[in-house]
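J.: To be precise about what I am sending: the file is called coords00.cif and holds mmCIF, C-alpha atoms and all ligand atoms.
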data_data
#
loop_
_atom_site.label_atom_id
_atom_site.label_comp_id
_atom_site.auth_asym_id
_atom_site.auth_seq_id
_atom_site.Cartn_x
_atom_site.Cartn_y
_atom_site.Cartn_z
CA MET A 1 -9.42 -7.74 -13.88
CA LEU A 2 -9.00 -11.21 -12.44
CA ILE A 3 -10.97 -11.87 -9.31
CA LYS A 4 -9.04 -13.85 -6.73
CA LYS A 5 -10.17 -15.62 -3.60
CA PRO A 6 -9.24 -13.48 -0.59
CA THR A 7 -6.73 -16.12 0.54
CA ASP A 8 -4.86 -15.76 -2.76
CA ILE A 9 -4.39 -12.04 -2.39
CA ARG A 10 -0.97 -11.03 -1.16
CA PRO A 11 -0.93 -8.16 1.31
CA SER A 12 0.88 -5.93 -1.18
CA GLU A 13 -1.93 -6.30 -3.71
CA ILE A 14 -4.51 -4.74 -1.46
CA THR A 15 -4.96 -1.03 -2.02
CA SER A 16 -5.39 0.56 1.34
CA LYS A 17 -8.46 2.74 1.49
CA THR A 18 -7.19 4.87 4.36
CA ASN A 19 -3.96 5.52 2.54
CA TYR A 20 -5.88 6.37 -0.61
CA LEU A 21 -8.13 8.78 1.23
CA ASN A 22 -5.22 10.33 3.08
CA ARG A 23 -3.49 10.76 -0.23
CA ARG A 24 -6.43 12.83 -1.49
CA GLU A 25 -6.29 14.94 1.64
CA PHE A 26 -2.55 15.33 1.13
CA ILE A 27 -3.01 16.51 -2.44
CA ARG A 28 -5.55 19.11 -1.34
CA ALA A 29 -3.42 20.21 1.60
CA GLY A 30 -0.42 20.31 -0.71
CA SER A 31 -1.97 23.00 -2.83
CA ILE A 32 -2.03 25.33 0.13
CA ALA A 33 1.25 24.11 1.59
CA SER A 34 4.36 23.80 -0.53
CA ALA A 35 4.59 22.96 -4.21
CA ALA A 36 7.72 20.93 -3.52
CA THR A 37 5.72 18.32 -1.63
CA MET A 38 2.87 18.11 -4.15
CA ALA A 39 1.76 14.61 -5.05
CA GLY A 40 2.56 13.18 -8.45
CA PRO A 41 0.29 11.32 -10.88
CA ALA A 42 -2.10 8.55 -9.87
CA VAL A 43 -1.00 5.51 -7.91
CA GLY A 44 1.52 3.45 -9.82
CA ALA A 45 1.82 5.83 -12.78
CA ILE A 46 5.00 7.53 -11.68
CA VAL A 47 7.56 5.12 -13.15
CA PRO A 48 7.32 4.66 -16.95
CA ASP A 49 5.70 1.29 -17.80
CA ALA A 50 8.72 0.33 -19.90
CA ARG A 51 10.84 0.31 -16.79
CA ARG A 52 8.42 -1.66 -14.63
CA GLU A 53 9.07 -5.36 -14.69
CA LYS A 54 7.32 -8.07 -12.67
CA ILE A 55 9.45 -10.56 -10.77
CA ASP A 56 8.30 -14.20 -10.88
CA GLY A 57 8.41 -16.85 -8.20
CA ILE A 58 8.29 -14.72 -5.06
CA GLY A 59 7.57 -16.54 -1.80
CA THR A 60 6.10 -15.06 1.36
CA SER A 61 7.77 -14.52 4.72
CA ARG A 62 6.72 -14.99 8.33
CA PHE A 63 8.68 -11.81 9.10
CA SER A 64 6.30 -9.55 7.13
CA THR A 65 4.20 -7.00 8.99
CA ASP A 66 0.49 -6.66 8.18
CA GLU A 67 0.54 -2.90 8.74
CA THR A 68 -0.86 -0.65 6.01
CA LEU A 69 1.59 -0.42 3.15
CA ASN A 70 2.86 2.82 1.77
CA ILE A 71 1.66 3.35 -1.78
CA TYR A 72 4.09 2.68 -4.61
CA ASP A 73 4.33 6.33 -5.62
CA ASP A 74 5.49 7.43 -2.16
CA ILE A 75 8.13 4.71 -2.02
CA VAL A 76 9.62 5.67 -5.39
CA THR A 77 9.43 9.48 -5.13
CA TYR A 78 10.34 10.24 -1.51
CA ASN A 79 13.91 9.01 -1.21
CA ASN A 80 17.29 9.52 0.36
CA TYR A 81 20.05 8.79 -2.14
CA TYR A 82 22.65 11.56 -1.90
CA GLU A 83 24.50 10.38 -5.01
CA PHE A 84 21.51 11.81 -6.91
CA GLY A 85 20.96 14.93 -4.79
CA THR A 86 19.99 15.76 -1.23
CA GLY A 87 16.32 16.68 -1.82
CA LYS A 88 13.69 13.98 -1.26
CA GLY A 89 12.51 14.27 -4.88
CA ASP A 90 16.00 14.45 -6.42
CA PRO A 91 16.72 10.69 -6.69
CA TYR A 92 13.45 10.09 -8.56
CA LYS A 93 14.30 12.92 -10.96
CA ASN A 94 18.03 12.32 -11.40
CA ALA A 95 18.32 8.52 -11.33
CA GLN A 96 16.03 7.75 -14.28
CA LYS A 97 18.91 7.20 -16.71
CA PHE A 98 21.26 5.50 -14.26
CA ARG A 99 22.61 2.26 -15.77
CA SER A 100 21.73 -0.37 -13.16
CA ARG A 101 22.21 -3.17 -15.75
CA PRO A 102 24.56 -4.76 -16.63
CA TRP A 103 25.88 -4.82 -13.07
CA SER A 104 28.55 -6.74 -11.23
CA ILE A 105 29.37 -7.29 -7.58
CA THR A 106 32.84 -7.99 -6.21
CA VAL A 107 33.22 -10.20 -3.15
CA ASP A 108 36.59 -9.96 -1.41
CA GLY A 109 38.35 -10.46 1.90
CA GLU A 110 38.07 -13.34 4.34
CA ALA A 111 35.94 -15.81 2.38
CA GLU A 112 36.33 -18.84 0.14
CA LYS A 113 34.24 -17.69 -2.83
CA ILE A 114 35.78 -14.31 -3.55
CA GLY A 115 35.48 -12.92 -7.08
CA THR A 116 33.40 -10.69 -9.32
CA TYR A 117 29.92 -11.88 -10.21
CA HIS A 118 27.29 -10.74 -12.69
CA PHE A 119 24.28 -9.52 -10.72
CA GLU A 120 22.02 -12.21 -12.22
CA ASP A 121 24.44 -15.01 -11.30
CA PHE A 122 24.99 -13.55 -7.87
CA ILE A 123 21.32 -13.77 -6.85
CA LYS A 124 20.35 -16.90 -8.82
CA PRO A 125 21.03 -19.52 -6.10
CA PHE A 126 18.68 -17.87 -3.59
CA ASP A 127 14.93 -17.87 -2.91
CA LEU A 128 13.11 -14.62 -3.59
CA GLU A 129 10.74 -13.56 -0.83
CA GLU A 130 8.40 -10.69 -0.22
CA ARG A 131 9.41 -9.01 3.05
CA ILE A 132 7.06 -6.30 4.23
CA TYR A 133 9.10 -4.25 6.67
CA ARG A 134 8.85 -0.99 8.51
CA MET A 135 11.61 1.42 7.54
CA ARG A 136 12.54 4.12 10.04
CA CYS A 137 14.81 6.90 8.78
CA VAL A 138 17.07 8.62 11.32
CA GLU A 139 15.27 11.84 10.26
CA ALA A 140 12.13 10.62 12.13
CA TRP A 141 9.92 9.57 9.24
CA SER A 142 8.92 6.02 8.38
CA MET A 143 7.26 3.86 5.75
CA VAL A 144 6.03 0.28 5.34
CA ILE A 145 7.58 -1.21 2.23
CA PRO A 146 6.96 -4.57 0.51
CA TRP A 147 10.49 -5.48 -0.54
CA VAL A 148 11.39 -8.42 -2.72
CA GLY A 149 14.67 -9.84 -1.50
CA ILE A 150 17.00 -12.69 -0.71
CA SER A 151 18.26 -13.65 2.73
CA LEU A 152 21.73 -12.24 3.39
CA ALA A 153 22.39 -15.20 5.72
CA ASP A 154 21.90 -17.52 2.72
CA VAL A 155 24.24 -15.41 0.58
CA ILE A 156 26.92 -15.38 3.28
CA LYS A 157 26.70 -19.12 3.89
CA HIS A 158 27.17 -19.64 0.16
CA LEU A 159 30.25 -17.37 0.04
CA GLN A 160 31.91 -19.32 2.90
CA PRO A 161 33.58 -16.69 5.07
CA ASN A 162 36.42 -17.91 7.32
CA SER A 163 36.80 -17.37 11.08
CA LYS A 164 38.57 -14.03 10.60
CA ALA A 165 35.43 -12.54 9.01
CA ARG A 166 33.94 -10.57 11.92
CA TYR A 167 32.32 -7.83 9.84
CA VAL A 168 30.81 -7.41 6.39
CA ALA A 169 31.48 -4.11 4.60
CA PHE A 170 29.51 -2.81 1.61
CA GLU A 171 30.17 -0.14 -1.01
CA THR A 172 27.95 1.72 -3.46
CA LEU A 173 29.08 2.39 -7.03
CA HIS A 174 31.41 5.38 -7.41
CA ASP A 175 30.71 7.02 -10.77
CA PRO A 176 30.44 10.83 -10.74
CA SER A 177 29.65 10.78 -14.47
CA GLN A 178 26.33 9.12 -13.64
CA MET A 179 25.84 10.28 -10.08
CA PRO A 180 25.74 14.08 -9.97
CA GLY A 181 25.77 14.15 -6.15
CA GLN A 182 29.24 12.58 -6.18
CA ARG A 183 30.62 15.73 -7.82
CA ARG A 184 29.97 17.45 -4.49
CA ARG A 185 31.45 16.52 -1.16
CA SER A 186 28.14 16.07 0.65
CA LEU A 187 29.60 12.72 1.83
CA ASN A 188 32.95 10.95 1.56
CA TRP A 189 32.37 8.79 -1.56
CA PRO A 190 31.78 5.99 -2.23
CA TYR A 191 28.92 5.48 0.25
CA ARG A 192 30.04 2.78 2.68
CA GLU A 193 28.21 0.70 5.26
CA GLY A 194 28.88 -2.34 7.41
CA LEU A 195 27.43 -4.88 9.82
CA THR A 196 28.84 -7.37 12.28
CA ILE A 197 28.73 -10.90 10.89
CA GLU A 198 26.02 -11.72 13.48
CA GLU A 199 23.86 -8.82 12.26
CA ALA A 200 24.48 -9.70 8.64
CA THR A 201 23.40 -13.32 9.19
CA ASN A 202 20.33 -12.48 11.29
CA PRO A 203 17.23 -13.88 9.49
CA LEU A 204 15.75 -10.37 9.14
CA THR A 205 18.62 -8.98 7.05
CA ILE A 206 18.10 -9.09 3.29
CA PHE A 207 19.44 -7.89 0.00
CA ALA A 208 16.46 -6.26 -1.72
CA VAL A 209 16.09 -6.52 -5.50
CA GLY A 210 12.47 -5.37 -5.84
CA ILE A 211 9.45 -3.62 -4.37
CA TYR A 212 5.74 -4.41 -4.87
CA GLY A 213 6.67 -7.56 -6.80
CA GLU A 214 8.61 -5.58 -9.39
CA VAL A 215 12.25 -4.86 -10.19
CA LEU A 216 13.75 -2.22 -7.86
CA PRO A 217 13.63 1.30 -9.36
CA ASN A 218 16.99 3.09 -9.62
CA GLN A 219 16.13 5.65 -6.96
CA ASN A 220 15.51 2.86 -4.44
CA GLY A 221 18.97 1.36 -4.99
CA ALA A 222 18.82 -0.81 -8.11
CA PRO A 223 19.81 -3.43 -8.77
CA ILE A 224 20.61 -4.58 -5.22
CA ARG A 225 20.61 -2.89 -1.81
CA LEU A 226 20.79 -3.82 1.84
CA ILE A 227 17.78 -3.83 4.20
CA VAL A 228 18.30 -4.09 7.97
CA PRO A 229 14.84 -3.26 9.35
CA TRP A 230 15.78 -2.76 13.02
CA LYS A 231 18.36 -0.11 12.13
CA TYR A 232 18.00 3.44 10.85
CA GLY A 233 17.50 3.64 7.09
CA PHE A 234 21.02 4.90 6.35
CA LYS A 235 22.42 1.43 7.10
CA GLY A 236 20.48 0.20 4.02
CA ILE A 237 23.16 0.97 1.46
CA LYS A 238 22.00 1.15 -2.16
CA SER A 239 23.37 -0.04 -5.52
CA ILE A 240 26.03 -2.30 -4.01
CA VAL A 241 29.17 -3.10 -6.05
CA ARG A 242 31.41 -4.53 -3.32
CA MET A 243 30.95 -6.81 -0.35
CA SER A 244 34.04 -7.42 1.82
CA PHE A 245 34.53 -9.86 4.68
CA VAL A 246 36.85 -8.15 7.16
CA GLU A 247 38.38 -8.59 10.60
CA LYS A 248 38.15 -4.98 11.82
CA ARG A 249 35.11 -2.73 12.07
CA PRO A 250 34.81 -0.98 8.69
CA LYS A 251 34.46 2.77 8.24
CA THR A 252 30.92 3.84 7.36
CA SER A 253 29.88 7.00 5.52
CA TRP A 254 27.51 8.73 7.96
CA ASN A 255 29.69 7.83 10.91
CA MET A 256 32.70 9.36 9.12
CA ALA A 257 30.65 12.49 8.36
CA ALA A 258 29.49 13.04 11.98
CA SER A 259 30.41 10.36 14.52
CA ASN A 260 28.60 12.15 17.35
CA GLU A 261 25.32 11.96 15.39
CA TYR A 262 25.48 8.63 13.53
CA GLY A 263 26.90 5.54 15.21
CA PHE A 264 28.11 2.32 13.66
CA PHE A 265 25.24 0.30 15.16
CA ALA A 266 22.47 2.82 14.40
CA ASN A 267 19.80 0.62 15.98
CA VAL A 268 16.41 2.31 16.06
CA ASN A 269 16.12 3.48 19.66
CA PRO A 270 13.42 5.89 20.90
CA GLU A 271 15.42 6.46 24.11
CA VAL A 272 18.56 7.80 22.47
CA ASN A 273 17.90 11.11 20.79
CA HIS A 274 19.80 12.50 17.85
CA PRO A 275 21.81 15.48 19.18
CA ARG A 276 19.54 17.78 17.14
CA TRP A 277 16.11 16.12 17.46
CA SER A 278 14.07 13.57 19.41
CA GLN A 279 13.83 9.97 18.23
CA ALA A 280 10.80 9.18 20.42
CA ARG A 281 8.24 9.56 17.62
CA GLU A 282 8.03 9.28 13.87
CA ARG A 283 5.92 10.57 10.99
CA ARG A 284 4.50 7.78 8.83
CA ILE A 285 4.73 9.02 5.25
CA GLY A 286 1.29 9.08 3.59
CA SER A 287 -0.64 9.38 6.83
CA GLY A 288 -1.72 12.94 6.02
CA LEU A 289 -0.10 16.27 6.70
CA PHE A 290 -1.87 16.85 9.99
CA ALA A 291 -1.65 13.33 11.43
CA ARG A 292 -0.12 12.93 14.86
CA LYS A 293 3.29 11.31 14.93
CA GLN A 294 3.36 7.74 16.18
CA ALA A 295 5.64 6.26 18.83
CA THR A 296 8.94 4.82 17.62
CA LEU A 297 9.54 1.28 18.88
CA MET A 298 12.81 -0.09 20.28
CA PHE A 299 14.66 -1.87 17.46
CA ASN A 300 11.87 -0.56 15.21
CA GLY A 301 9.62 -3.28 16.70
CA TYR A 302 11.98 -6.14 15.82
CA GLY A 303 13.35 -6.68 19.35
CA GLU A 304 12.15 -10.28 19.55
CA GLN A 305 14.43 -11.17 16.64
CA VAL A 306 17.46 -8.99 17.43
CA ALA A 307 17.66 -7.84 21.07
CA HIS A 308 19.91 -10.82 21.92
CA LEU A 309 22.59 -9.44 19.57
CA TYR A 310 23.12 -6.51 21.96
CA GLU A 311 22.95 -8.20 25.36
CA GLY A 312 25.49 -6.62 27.71
CA ILE A 313 26.13 -3.74 25.32
CA ASP A 314 25.44 -0.17 26.52
CA LEU A 315 23.17 1.11 23.75
CA ARG A 316 23.61 4.72 24.84
CA ARG A 317 27.31 4.58 24.23
CA ASN A 318 27.04 2.21 21.28
CA PHE A 319 24.29 4.08 19.45
N1 LIG B 1 24.30 4.72 -1.49
C1 LIG B 1 23.37 5.27 -0.68
N2 LIG B 1 22.59 4.46 0.04
C2 LIG B 1 21.65 4.99 0.87
C3 LIG B 1 21.51 6.40 1.01
C4 LIG B 1 22.37 7.23 0.23
O1 LIG B 1 22.32 8.48 0.28
N3 LIG B 1 23.28 6.62 -0.61
N4 LIG B 1 20.58 6.92 1.89
C5 LIG B 1 20.15 6.05 3.02
C6 LIG B 1 19.05 6.58 3.79
S1 LIG B 1 19.40 7.88 4.82
C7 LIG B 1 17.81 6.01 3.77
S2 LIG B 1 16.58 6.55 4.83
C8 LIG B 1 17.47 4.94 2.81
C9 LIG B 1 16.27 5.35 1.97
O2 LIG B 1 15.83 4.31 1.14
P1 LIG B 1 14.63 4.57 0.13
O3 LIG B 1 14.92 5.82 -0.63
O4 LIG B 1 14.54 3.36 -0.74
O5 LIG B 1 13.38 4.73 0.98
O6 LIG B 1 18.56 4.62 1.93
C10 LIG B 1 19.83 4.63 2.53
N5 LIG B 1 20.82 4.16 1.57
MO MO B 2 17.65 7.94 6.33
#
Using structure tokens, write down the structure that the file contains.
Ligand SMILES: Nc1nc2c(c(=O)[nH]1)N[C@H]1C(S)=C(S)[C@@H](COP(=O)(O)O)O[C@H]1N2
Ligand SMILES: [Mo]

T.:
Amino acid sequence: MLIKKPTDIRPSEITSKTNYLNRREFIRAGSIASAATMAGPAVGAIVPDARREKIDGIGTSRFSTDETLNIYDDIVTYNNYYEFGTGKGDPYKNAQKFRSRPWSITVDGEAEKIGTYHFEDFIKPFDLEERIYRMRCVEAWSMVIPWVGISLADVIKHLQPNSKARYVAFETLHDPSQMPGQRRRSLNWPYREGLTIEEATNPLTIFAVGIYGEVLPNQNGAPIRLIVPWKYGFKGIKSIVRMSFVEKRPKTSWNMAASNEYGFFANVNPEVNHPRWSQARERRIGSGLFARKQATLMFNGYGEQVAHLYEGIDLRRNF
């Protein structure tokens, strides 16, 4: 193994000892708890080597957190991706053969550069950056994930929306032949999400194409998915095939499913509880089965960057 000077080591290359130790504890606890939550093989062994591909030329970001990263295996085996099943382990199991290449993305609506692009051409003009972000699911668990992504603000500037473009809407692929979950009506397919143009062009918002310096695994939304770190995880729509610039607020999947539980904004907010559970605290995945939950932060801790977007807006009504 190459020995690097400490200053050359990216945060995501450092194996966290606490996480490693907690993992061992988790495996032991798992044997007396439930088999469904049992840990998989050793760190990094869970995705076949043939499918793991390094990404070159990744820059760093001032927006990255230095919190302890979740290990690779947690990030790729504990997922929400209802197109591949509703269990946390289903996407890992059922998305292995999903064809995430070749891939194309259609841009339509109120913009100059509308059209259908090959995935590779679509991302080529933009700088790849590692963005280590907290991700807070509306279900009250969280992770710290080293994404590789491109700035959505850069993408939008390039596509030249006009003044009618007040929102950006996104859609996931609809293909029940490949996505077994779409043969059931667990959601109104295709999965849809949206942001205001101000949210979409905030410097924190990215399109992710990788994790841990490697190509994004299918279960995490390959080849390209949205990441909006101050919002609940469900805003981070996976495997995007359409991006539309629109005048009116778009319909979004979880909001359509239960508008009293999942708002359009879906900003992380410890003071506004889900009707069925508290949002005050969260369980950091990998911290050990018996670890205390930690406090959830307003805007998931990204208030400095985004609070101004919601000035004068009642966040209890606009949750
Ligand atoms: N198309 C699609 N995108 C989706 C989902 C989904 O079911 N389908 N689940 C969302 C939810 S609820 C969360 S918490 C995150 C999970 O991302 P991860 O599995 O990469 O951690 O993806 C979001 N994006
Ligand atoms: Mo979620």

J.: Residues at most 8 Å from ligand MO 2 (chain B), using all atoms listed in the file? Could they come as a PyMOL selection string?

T.: chain A and resi 80+136-139+232-234

J.: Name the residues, by chain letter and number, that sit within 6 Å of ligand LIG 1 (chain B) using all atoms listed in the file, and give them as number ranges by chain.

T.: A: 79-83, 137, 172, 191, 220, 233-234, 236-238

J.: Pick out the closest residue to Lys93 in chain A from this set: A:Ala266, A:Asp56, A:Val47, A:Val155. Count all atoms listed in the file.

T.: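 Among A:Ala266, A:Asp56, A:Val47, A:Val155, it is A:Val47 that comes nearest to Lys93 in chain A.
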
J.: Pick out the closest residue to Met243 in chain A from this set: A:Gly210, A:Gly181, A:Pro161, A:Gly221. Count all atoms listed in the file.

T.: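 Among the listed residues, A:Pro161 lies closest to Met243 in chain A.
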
J.: Mind dumping a table of every range 194-254 of chain A residue within 6 Å of range 109-133 of chain A, with the nearest atom pair and its distance in Å to one decimal, using all atoms listed in the file, sorted by chain and rising number, as a tab-separated table?

T.:
residue	atom	partner	partner_atom	distance
A:Ser244	CA	A:Gly109	CA	5.3
A:Phe245	CA	A:Gly109	CA	4.8
A:Val246	CA	A:Gly109	CA	5.9
